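*Asks:* This is the structure, below, for whatever I ask next.
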Amino acid sequence: MTVSLREQVPLPGRSRVTGDGGAVTAMTSGAARAGGEILAAGGNAADAAVAAMLAAGVVEPAMNGLGGTAYAVVFEPESGRITALDGSARCPVRAHEEMFEPLEGVGGGLYGFPPTKGDHAETGALSVLAPTAPATLVELHRRFGQLPFAAVVEPALRLAEEGFVPDWVFCVHVAAGYRRLRLSPAAFALYTRGDSLPFVPTGEEDRLRNPALAASLRVLAEEGPEPFYRGPIARRLLDAVNEAGGILSESDLAAATVREVPPLDFGFRDLAVATLPDNSGGPTLAAALSHLDAFAPAGPPGGDVAEEIRHLHLVAESLRLAFRDRFAHLGDPESVPVPLPGLLDPDYLRERRRGVTPDGPRLDTPLEPPPPGLKDAVAPTRSGAPTSDCTTQVNAMDADGMAISLTGTLGGRFGSAFAVPGLGYPLNNGMMWFDPRPGRRISPAPGRRALHAAAPAILLRDGVPWVVVGSPGGRRLISAVVMGVARLVDRETSIQEAVGGPGFHADVGPLTLDERTPDCGSVARGLEGRGHQVLVRRETALTGHFGRASGIRATATPGGIRFEPGVDPVRAGTGVAVQAD
């Protein structure tokens with residue numbers, strides 16, 4: 001039997017693709033094809049997801065890589081078991097809550113925190129946390145893959161060694177990151193030419209090569225993650241970071257392990273949903289969908305404007321309630337009290353949404369009463385300013401029924417914009433996940449895990465994976481996943497229409513509406529009439545007004561299961577379906 005790869009890019013004139021052998025989605029063609037190549041070679045969804053994520057670290061290094069973190073939710077068909085792998089980063093043991101000087105009144109960033117003096121929490125060696133991506137990806141393959149690990153690494157290794165032609169998204173990110181990258185000669189050299197200008201290809205023969213990254217990938221393939229945490233690579237990383245003003249230690253690298261955690265399970269309509277628990281975007285996703293589940297589903301899109309306003313109003317109110325609880329109560333449960341069962345308790349959720357109606361005005365929700373298990377509530381963080389997301393998402397499903405949603409991130413664009421000479425990749429700026437103001441639930445503290453927004457999810461119908469979905473976008477990714485699920489389930493759209501439709505975001509600040517929304521002006525005025533403050537925005541490759549969800553849907557047909565990918569239409573998101581010929 002031979003197989004073929006069917007590639008989907010959501011541009012005008014490109015049709016939807018399906019296949020019977022599985023599918024992979026990624027934010028670039030190079031990463032998606034790497035995963036599809038592994039599926040076609042006999043690998044399973046775990047092999048494909050790891051291959052795609054490693055390749056993404058080569059072709060979209062502003063978003064993720066070996067210097068970042070990763071998180072996964074996995075469905076095993078043999079046992080029907082769902083596993084969550086948490087690669088949360090931790091503060092260094094030398095971290096303390098007064099290590100940065102917050103610049104109050106300047107405006108919030110991606111997570112709504114004030115920036116810091118000297119940009120130290122966002123750029124440079126002091127912003128670096130011990131990476132977890134190498135440990136997480138190797139563990140994901142060890143637990144669930146079936147091909148030799150070297151074969152899974154090979155597509156990424158080939159891209160780094162032989163080079164690739166950067167797409168326009170890559171080029172604009174290098175240009176946007178130029179100023180920060182210049183602060184680290186090792187990082188600057190990776191993505192610029194000898195004349196110090198950003199690398200912009202002039203033709204198919206003009207390829208960007210990264211032999212240092214190829215060497216690091218070869219070490220990973222041959223020796224696993226150990227050298228990155230206790231071996232020579234670890235030593236080089238510690239020396240470079242600390243010589244540049246960082247505070248990482250050997251114990252910080254030793255603690256940078258992936259944890260298996262119980263997935264957060266909840267229901268939405270007739271589906272079971274599994275995502276990450278604790279200090280992730282999962283609890284906020286669960287709360288928002290649980291609130292929305294209390295109201296009748298919206299009809300198919302294309303109806304009257306009033307129905308669209310009603311639908312978006314309910315989605316916005318559900319998200320607003322969930323985000324208020326997120327900002328008030330979530331954090332590292334090893335460090336602060338996190339009443340997660342109470343936050344998702346049906347009685348508590350019912351009380352929280354009391355007063356929300358399909359045709360009513362926006363509810364100005366008080367913080368009280370606090371959820372069961374916690375007496376005090378705190379004020380929520382204000383909405384962050386738009387910025388480009390710097391996370392990537394990979395989804396994979398195979399013909400045997402395995403399903404994986406995998407999120408990887410560096411934190412900000414090119415992470416810290418700091419690279420260790422000779423390793424070939426930038427390190428994360430995970431300190432941006434912590435509130436630089438002392439005395440907060442998520443202020444820096446020794447060993448404290450970051451409160452991140454990743455919410456990779458698997459949707460099951462009758463115990464079988466139906467959809468895998470996830471998104472980049474800081475906390476805006478939660479809105480993107482909620483909206484994608486609502487469109488897919490309630491509005492009965494295709495997976496491409498669900499995740500690739502107009503953007504939408506709501507938290508404790510203004511509601512942000514994509515100008516691609518049909519009858520956008522009328523919808524915006526209708527929402528304003530209900531008390532929402534509405535910002536209409538145009539999304540581009542460099543803005544971050546919305547998350548950029550992607551996913552795969554498995555549909556039973558008379559001829560068997562068909563896998564259909566759906567991807568981001570604004571950037572070069574790509575889906576690959578495998579078809580037996």
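Letters A, B, ... mark the chains of the structure tokens in the order given; residue numbers begin at 1 per chain; ligand numbers begin at 1, in order shown.
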Residues within 6 Å of region 124-132 of chain A, please, as a PyMOL selection string. Count only C-alpha atoms; anything in the same chain fewer than 3 positions from it doesn't count.
*Replies:* chain A and resi 67-69+87+121+135+241+244-246+253+256+416+418+428-431
*Asks:* For the structure I just gave you, how does DSSP split region 437-574 of chain A - specifically, which residues are alpha helix (DSSP H)? Reply as a PyMOL selection string.
*Replies:* chain A and resi 476-490+495-500+520-529
*Asks:* Pick out the closest residue to Gly355 (chain A) from this set: A:Glu98, A:Glu564, A:Glu317, A:Asp278. Count only C-alpha atoms.
*Replies:*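 Of A:Glu98, A:Glu564, A:Glu317, A:Asp278, the one nearest Gly355 (chain A), counting only C-alpha atoms, is A:Glu317.
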*Asks:* Provide the CA of Ala524 (chain A) to CA of Val536 (chain A) distance in Å, to one decimal place.
*Replies:*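 We find that CA of Ala524 (chain A) and CA of Val536 (chain A) lie 7.6 Å from each other.
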*Asks:* Fewer than 4 positions away in the same chain doesn't count, so skip those; otherwise give me all residues within 10 Å of Asn44 (chain A), counting only C-alpha atoms, as a PyMOL selection string.
*Replies:* chain A and resi 21-22+35+38-40+48-49+141+144-147+396-403
*Asks:* Extract, using only C-alpha atoms, all DNA, RNA and protein residues at most 9 Å from Arg441 (chain A), discarding same-chain residues fewer than 5 positions from it, and format them as a list in words.
*Replies:*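 Neighbouring residues, sequence-local ones excluded: Ala328, His329, Leu330, Gly331, Asp332, Ser335, Val336 and Asp435 of chain A.
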*Asks:* How about saving the chosen residues, N, CA, C and O atoms kept, as an mmCIF file, in the first residue's frame?
*Replies:*
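This went into result.cif:
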```cif
data_model
loop_
_atom_site.group_PDB
_atom_site.id
_atom_site.type_symbol
_atom_site.label_atom_id
_atom_site.label_comp_id
_atom_site.auth_asym_id
_atom_site.auth_seq_id
_atom_site.Cartn_x
_atom_site.Cartn_y
_atom_site.Cartn_z
ATOM 1 N N ALA A 328 -8.514 35.735 39.914
ATOM 2 C CA ALA A 328 -8.640 35.821 41.366
ATOM 3 C C ALA A 328 -8.084 34.610 42.088
ATOM 4 O O ALA A 328 -7.577 34.738 43.209
ATOM 5 N N HIS A 329 -8.140 33.428 41.486
ATOM 6 C CA HIS A 329 -7.932 32.212 42.269
ATOM 7 C C HIS A 329 -6.893 31.221 41.738
ATOM 8 O O HIS A 329 -6.496 30.326 42.490
ATOM 9 N N LEU A 330 -6.492 31.304 40.473
ATOM 10 C CA LEU A 330 -5.585 30.281 39.942
ATOM 11 C C LEU A 330 -4.123 30.627 40.214
ATOM 12 O O LEU A 330 -3.762 31.772 40.455
ATOM 13 N N GLY A 331 -3.284 29.626 40.155
ATOM 14 C CA GLY A 331 -1.855 29.750 40.383
ATOM 15 C C GLY A 331 -1.261 28.366 40.533
ATOM 16 O O GLY A 331 -1.884 27.358 40.185
ATOM 17 N N ASP A 332 -0.057 28.310 41.061
ATOM 18 C CA ASP A 332 0.610 27.030 41.308
ATOM 19 C C ASP A 332 0.035 26.423 42.584
ATOM 20 O O ASP A 332 0.231 26.966 43.678
ATOM 21 N N SER A 335 2.057 26.173 45.657
ATOM 22 C CA SER A 335 2.557 27.408 46.234
ATOM 23 C C SER A 335 1.465 28.241 46.900
ATOM 24 O O SER A 335 1.722 28.931 47.892
ATOM 25 N N VAL A 336 0.257 28.216 46.332
ATOM 26 C CA VAL A 336 -0.859 29.001 46.872
ATOM 27 C C VAL A 336 -2.113 28.129 46.848
ATOM 28 O O VAL A 336 -2.205 27.187 46.062
ATOM 29 N N ASP A 435 3.784 37.780 37.754
ATOM 30 C CA ASP A 435 3.463 39.181 38.014
ATOM 31 C C ASP A 435 4.653 39.822 38.719
ATOM 32 O O ASP A 435 5.041 39.385 39.814
#
```
*Asks:* Can you pull out every residue within 12 Å of Thr357 (chain A), counting only C-alpha atoms, but drop anything in the same chain fewer than 3 positions away, and send it as a PDB file with all heavy atoms, in the first residue's frame?
*Replies:*
```
ATOM      1  N   HIS A 291     -20.315  27.269  31.698  1.00  0.00           N
ATOM      2  CA  HIS A 291     -21.303  28.346  31.708  1.00  0.00           C
ATOM      3  C   HIS A 291     -22.122  28.339  30.419  1.00  0.00           C
ATOM      4  O   HIS A 291     -23.360  28.430  30.448  1.00  0.00           O
ATOM      5  CB  HIS A 291     -20.611  29.704  31.860  1.00  0.00           C
ATOM      6  CG  HIS A 291     -20.106  29.989  33.235  1.00  0.00           C
ATOM      7  ND1 HIS A 291     -20.894  29.889  34.361  1.00  0.00           N
ATOM      8  CD2 HIS A 291     -18.878  30.385  33.681  1.00  0.00           C
ATOM      9  CE1 HIS A 291     -20.191  30.209  35.435  1.00  0.00           C
ATOM     10  NE2 HIS A 291     -18.963  30.514  35.045  1.00  0.00           N
ATOM     11  N   LEU A 292     -21.448  28.219  29.285  1.00  0.00           N
ATOM     12  CA  LEU A 292     -22.148  28.245  27.999  1.00  0.00           C
ATOM     13  C   LEU A 292     -23.100  27.062  27.860  1.00  0.00           C
ATOM     14  O   LEU A 292     -24.161  27.171  27.236  1.00  0.00           O
ATOM     15  CB  LEU A 292     -21.121  28.257  26.861  1.00  0.00           C
ATOM     16  CG  LEU A 292     -21.651  28.531  25.458  1.00  0.00           C
ATOM     17  CD1 LEU A 292     -22.322  29.900  25.375  1.00  0.00           C
ATOM     18  CD2 LEU A 292     -20.515  28.430  24.443  1.00  0.00           C
ATOM     19  N   ALA A 294     -25.025  25.888  29.927  1.00  0.00           N
ATOM     20  CA  ALA A 294     -26.287  26.111  30.636  1.00  0.00           C
ATOM     21  C   ALA A 294     -27.337  26.785  29.756  1.00  0.00           C
ATOM     22  O   ALA A 294     -28.509  26.847  30.133  1.00  0.00           O
ATOM     23  CB  ALA A 294     -26.038  26.966  31.875  1.00  0.00           C
ATOM     24  N   PHE A 295     -26.933  27.271  28.581  1.00  0.00           N
ATOM     25  CA  PHE A 295     -27.853  27.976  27.692  1.00  0.00           C
ATOM     26  C   PHE A 295     -28.097  27.149  26.430  1.00  0.00           C
ATOM     27  O   PHE A 295     -27.272  26.324  26.037  1.00  0.00           O
ATOM     28  CB  PHE A 295     -27.283  29.341  27.321  1.00  0.00           C
ATOM     29  CG  PHE A 295     -27.043  30.226  28.512  1.00  0.00           C
ATOM     30  CD1 PHE A 295     -25.778  30.327  29.081  1.00  0.00           C
ATOM     31  CD2 PHE A 295     -28.088  30.929  29.085  1.00  0.00           C
ATOM     32  CE1 PHE A 295     -25.555  31.125  30.188  1.00  0.00           C
ATOM     33  CE2 PHE A 295     -27.881  31.731  30.203  1.00  0.00           C
ATOM     34  CZ  PHE A 295     -26.614  31.828  30.755  1.00  0.00           C
ATOM     35  N   ALA A 296     -29.223  27.374  25.796  1.00  0.00           N
ATOM     36  CA  ALA A 296     -29.572  26.641  24.575  1.00  0.00           C
ATOM     37  C   ALA A 296     -28.551  26.944  23.483  1.00  0.00           C
ATOM     38  O   ALA A 296     -28.065  28.078  23.372  1.00  0.00           O
ATOM     39  CB  ALA A 296     -30.969  27.028  24.112  1.00  0.00           C
ATOM     40  N   ARG A 310     -26.930  37.572  20.138  1.00  0.00           N
ATOM     41  CA  ARG A 310     -27.299  36.761  21.300  1.00  0.00           C
ATOM     42  C   ARG A 310     -26.211  35.718  21.583  1.00  0.00           C
ATOM     43  O   ARG A 310     -25.799  35.520  22.736  1.00  0.00           O
ATOM     44  CB  ARG A 310     -28.641  36.089  21.041  1.00  0.00           C
ATOM     45  CG  ARG A 310     -29.228  35.342  22.236  1.00  0.00           C
ATOM     46  CD  ARG A 310     -30.601  34.771  21.891  1.00  0.00           C
ATOM     47  NE  ARG A 310     -31.555  35.823  21.527  1.00  0.00           N
ATOM     48  CZ  ARG A 310     -32.091  35.962  20.305  1.00  0.00           C
ATOM     49  NH1 ARG A 310     -31.769  35.123  19.327  1.00  0.00           N
ATOM     50  NH2 ARG A 310     -32.937  36.932  20.068  1.00  0.00           N
ATOM     51  N   HIS A 311     -25.735  35.058  20.538  1.00  0.00           N
ATOM     52  CA  HIS A 311     -24.697  34.027  20.694  1.00  0.00           C
ATOM     53  C   HIS A 311     -23.408  34.621  21.245  1.00  0.00           C
ATOM     54  O   HIS A 311     -22.840  34.116  22.225  1.00  0.00           O
ATOM     55  CB  HIS A 311     -24.441  33.368  19.332  1.00  0.00           C
ATOM     56  CG  HIS A 311     -23.239  32.477  19.291  1.00  0.00           C
ATOM     57  ND1 HIS A 311     -23.114  31.351  20.060  1.00  0.00           N
ATOM     58  CD2 HIS A 311     -22.086  32.566  18.568  1.00  0.00           C
ATOM     59  CE1 HIS A 311     -21.956  30.766  19.816  1.00  0.00           C
ATOM     60  NE2 HIS A 311     -21.309  31.499  18.926  1.00  0.00           N
ATOM     61  N   HIS A 313     -22.958  37.417  22.810  1.00  0.00           N
ATOM     62  CA  HIS A 313     -23.201  37.917  24.169  1.00  0.00           C
ATOM     63  C   HIS A 313     -23.017  36.806  25.193  1.00  0.00           C
ATOM     64  O   HIS A 313     -22.344  36.984  26.223  1.00  0.00           O
ATOM     65  CB  HIS A 313     -24.610  38.508  24.242  1.00  0.00           C
ATOM     66  CG  HIS A 313     -25.123  38.708  25.628  1.00  0.00           C
ATOM     67  ND1 HIS A 313     -24.618  39.659  26.494  1.00  0.00           N
ATOM     68  CD2 HIS A 313     -26.107  38.057  26.321  1.00  0.00           C
ATOM     69  CE1 HIS A 313     -25.273  39.602  27.645  1.00  0.00           C
ATOM     70  NE2 HIS A 313     -26.180  38.638  27.583  1.00  0.00           N
ATOM     71  N   LEU A 314     -23.600  35.635  24.935  1.00  0.00           N
ATOM     72  CA  LEU A 314     -23.490  34.521  25.885  1.00  0.00           C
ATOM     73  C   LEU A 314     -22.057  33.989  25.957  1.00  0.00           C
ATOM     74  O   LEU A 314     -21.573  33.637  27.038  1.00  0.00           O
ATOM     75  CB  LEU A 314     -24.449  33.402  25.500  1.00  0.00           C
ATOM     76  CG  LEU A 314     -25.935  33.694  25.739  1.00  0.00           C
ATOM     77  CD1 LEU A 314     -26.792  32.554  25.199  1.00  0.00           C
ATOM     78  CD2 LEU A 314     -26.220  33.916  27.227  1.00  0.00           C
ATOM     79  N   VAL A 315     -21.372  33.926  24.829  1.00  0.00           N
ATOM     80  CA  VAL A 315     -19.971  33.492  24.848  1.00  0.00           C
ATOM     81  C   VAL A 315     -19.134  34.487  25.648  1.00  0.00           C
ATOM     82  O   VAL A 315     -18.303  34.097  26.472  1.00  0.00           O
ATOM     83  CB  VAL A 315     -19.420  33.340  23.417  1.00  0.00           C
ATOM     84  CG1 VAL A 315     -17.922  33.041  23.447  1.00  0.00           C
ATOM     85  CG2 VAL A 315     -20.147  32.226  22.668  1.00  0.00           C
ATOM     86  N   ALA A 316     -19.369  35.769  25.434  1.00  0.00           N
ATOM     87  CA  ALA A 316     -18.606  36.790  26.153  1.00  0.00           C
ATOM     88  C   ALA A 316     -18.859  36.720  27.655  1.00  0.00           C
ATOM     89  O   ALA A 316     -17.928  36.807  28.460  1.00  0.00           O
ATOM     90  CB  ALA A 316     -18.963  38.178  25.626  1.00  0.00           C
ATOM     91  N   GLU A 317     -20.114  36.560  28.064  1.00  0.00           N
ATOM     92  CA  GLU A 317     -20.424  36.481  29.485  1.00  0.00           C
ATOM     93  C   GLU A 317     -19.817  35.225  30.107  1.00  0.00           C
ATOM     94  O   GLU A 317     -19.319  35.255  31.237  1.00  0.00           O
ATOM     95  CB  GLU A 317     -21.943  36.496  29.691  1.00  0.00           C
ATOM     96  CG  GLU A 317     -22.605  37.813  29.313  1.00  0.00           C
ATOM     97  CD  GLU A 317     -22.170  38.950  30.221  1.00  0.00           C
ATOM     98  OE1 GLU A 317     -21.069  39.503  30.004  1.00  0.00           O
ATOM     99  OE2 GLU A 317     -22.933  39.298  31.149  1.00  0.00           O
ATOM    100  N   SER A 318     -19.844  34.117  29.375  1.00  0.00           N
ATOM    101  CA  SER A 318     -19.252  32.879  29.892  1.00  0.00           C
ATOM    102  C   SER A 318     -17.752  33.042  30.078  1.00  0.00           C
ATOM    103  O   SER A 318     -17.186  32.616  31.102  1.00  0.00           O
ATOM    104  CB  SER A 318     -19.544  31.721  28.920  1.00  0.00           C
ATOM    105  OG  SER A 318     -20.936  31.496  28.800  1.00  0.00           O
ATOM    106  N   ARG A 353     -23.284  32.682  37.401  1.00  0.00           N
ATOM    107  CA  ARG A 353     -23.938  33.202  36.196  1.00  0.00           C
ATOM    108  C   ARG A 353     -25.376  33.662  36.458  1.00  0.00           C
ATOM    109  O   ARG A 353     -26.114  33.968  35.508  1.00  0.00           O
ATOM    110  CB  ARG A 353     -23.904  32.172  35.068  1.00  0.00           C
ATOM    111  CG  ARG A 353     -24.667  30.908  35.311  1.00  0.00           C
ATOM    112  CD  ARG A 353     -24.651  29.978  34.094  1.00  0.00           C
ATOM    113  NE  ARG A 353     -25.205  28.696  34.456  1.00  0.00           N
ATOM    114  CZ  ARG A 353     -24.491  27.653  34.894  1.00  0.00           C
ATOM    115  NH1 ARG A 353     -23.178  27.746  34.995  1.00  0.00           N
ATOM    116  NH2 ARG A 353     -25.081  26.528  35.228  1.00  0.00           N
ATOM    117  N   ARG A 354     -25.784  33.700  37.708  1.00  0.00           N
ATOM    118  CA  ARG A 354     -27.128  34.171  38.011  1.00  0.00           C
ATOM    119  C   ARG A 354     -27.277  35.613  37.530  1.00  0.00           C
ATOM    120  O   ARG A 354     -26.499  36.492  37.890  1.00  0.00           O
ATOM    121  CB  ARG A 354     -27.382  34.083  39.523  1.00  0.00           C
ATOM    122  CG  ARG A 354     -28.824  34.396  39.915  1.00  0.00           C
ATOM    123  CD  ARG A 354     -29.127  33.812  41.293  1.00  0.00           C
ATOM    124  NE  ARG A 354     -28.199  34.286  42.314  1.00  0.00           N
ATOM    125  CZ  ARG A 354     -28.394  35.385  43.060  1.00  0.00           C
ATOM    126  NH1 ARG A 354     -29.478  36.106  42.878  1.00  0.00           N
ATOM    127  NH2 ARG A 354     -27.510  35.731  43.968  1.00  0.00           N
ATOM    128  N   GLY A 360     -30.513  39.555  27.818  1.00  0.00           N
ATOM    129  CA  GLY A 360     -30.306  40.599  28.805  1.00  0.00           C
ATOM    130  C   GLY A 360     -29.053  41.397  28.550  1.00  0.00           C
ATOM    131  O   GLY A 360     -28.284  41.138  27.621  1.00  0.00           O
ATOM    132  N   PRO A 361     -28.801  42.379  29.398  1.00  0.00           N
ATOM    133  CA  PRO A 361     -27.586  43.184  29.275  1.00  0.00           C
ATOM    134  C   PRO A 361     -26.385  42.458  29.867  1.00  0.00           C
ATOM    135  O   PRO A 361     -26.523  41.428  30.530  1.00  0.00           O
ATOM    136  CB  PRO A 361     -27.920  44.432  30.100  1.00  0.00           C
ATOM    137  CG  PRO A 361     -28.854  43.907  31.158  1.00  0.00           C
ATOM    138  CD  PRO A 361     -29.675  42.834  30.480  1.00  0.00           C
ATOM    139  N   ARG A 362     -25.223  43.014  29.606  1.00  0.00           N
ATOM    140  CA  ARG A 362     -23.997  42.489  30.217  1.00  0.00           C
ATOM    141  C   ARG A 362     -24.145  42.517  31.730  1.00  0.00           C
ATOM    142  O   ARG A 362     -24.655  43.481  32.312  1.00  0.00           O
ATOM    143  CB  ARG A 362     -22.808  43.346  29.799  1.00  0.00           C
ATOM    144  CG  ARG A 362     -21.545  43.032  30.595  1.00  0.00           C
ATOM    145  CD  ARG A 362     -20.408  43.937  30.225  1.00  0.00           C
ATOM    146  NE  ARG A 362     -19.328  43.822  31.202  1.00  0.00           N
ATOM    147  CZ  ARG A 362     -18.133  44.392  31.068  1.00  0.00           C
ATOM    148  NH1 ARG A 362     -17.875  45.128  30.019  1.00  0.00           N
ATOM    149  NH2 ARG A 362     -17.216  44.243  31.990  1.00  0.00           N
ATOM    150  N   LEU A 363     -23.684  41.437  32.349  1.00  0.00           N
ATOM    151  CA  LEU A 363     -23.749  41.334  33.802  1.00  0.00           C
ATOM    152  C   LEU A 363     -22.452  41.868  34.399  1.00  0.00           C
ATOM    153  O   LEU A 363     -21.366  41.398  34.054  1.00  0.00           O
ATOM    154  CB  LEU A 363     -23.956  39.878  34.220  1.00  0.00           C
ATOM    155  CG  LEU A 363     -24.025  39.605  35.722  1.00  0.00           C
ATOM    156  CD1 LEU A 363     -25.283  40.202  36.309  1.00  0.00           C
ATOM    157  CD2 LEU A 363     -23.980  38.094  35.983  1.00  0.00           C
ATOM    158  N   ARG A 530     -25.976  46.091  24.640  1.00  0.00           N
ATOM    159  CA  ARG A 530     -26.142  45.220  25.799  1.00  0.00           C
ATOM    160  C   ARG A 530     -25.144  45.551  26.907  1.00  0.00           C
ATOM    161  O   ARG A 530     -25.038  44.810  27.892  1.00  0.00           O
ATOM    162  CB  ARG A 530     -25.968  43.758  25.383  1.00  0.00           C
ATOM    163  CG  ARG A 530     -27.134  43.240  24.534  1.00  0.00           C
ATOM    164  CD  ARG A 530     -26.783  41.880  23.943  1.00  0.00           C
ATOM    165  NE  ARG A 530     -27.917  41.328  23.215  1.00  0.00           N
ATOM    166  CZ  ARG A 530     -28.641  40.299  23.616  1.00  0.00           C
ATOM    167  NH1 ARG A 530     -28.353  39.696  24.765  1.00  0.00           N
ATOM    168  NH2 ARG A 530     -29.642  39.847  22.889  1.00  0.00           N
TER     169      ARG A 530
END
```
*Asks:* Per residue of region 434-470 of chain A within 12 Å of region 558-563 of chain A, note the shortest atom pair and the distance in Å to one decimal, counting only C-alpha atoms, and order the rows by chain and increasing residue number, as a tab-separated table.
*Replies:*
```
residue	atom	partner	partner_atom	distance
A:Val464	CA	A:Ile561	CA	11.8
A:Pro465	CA	A:Phe563	CA	11.2
A:Trp466	CA	A:Phe563	CA	9.5
A:Val467	CA	A:Phe563	CA	9.4
A:Val468	CA	A:Phe563	CA	10.8
```
*Asks:* Could you check how far CA of Pro472 (chain A) sits from CA of Ala46 (chain A), in Å to one decimal?
*Replies:* 19.8 Å
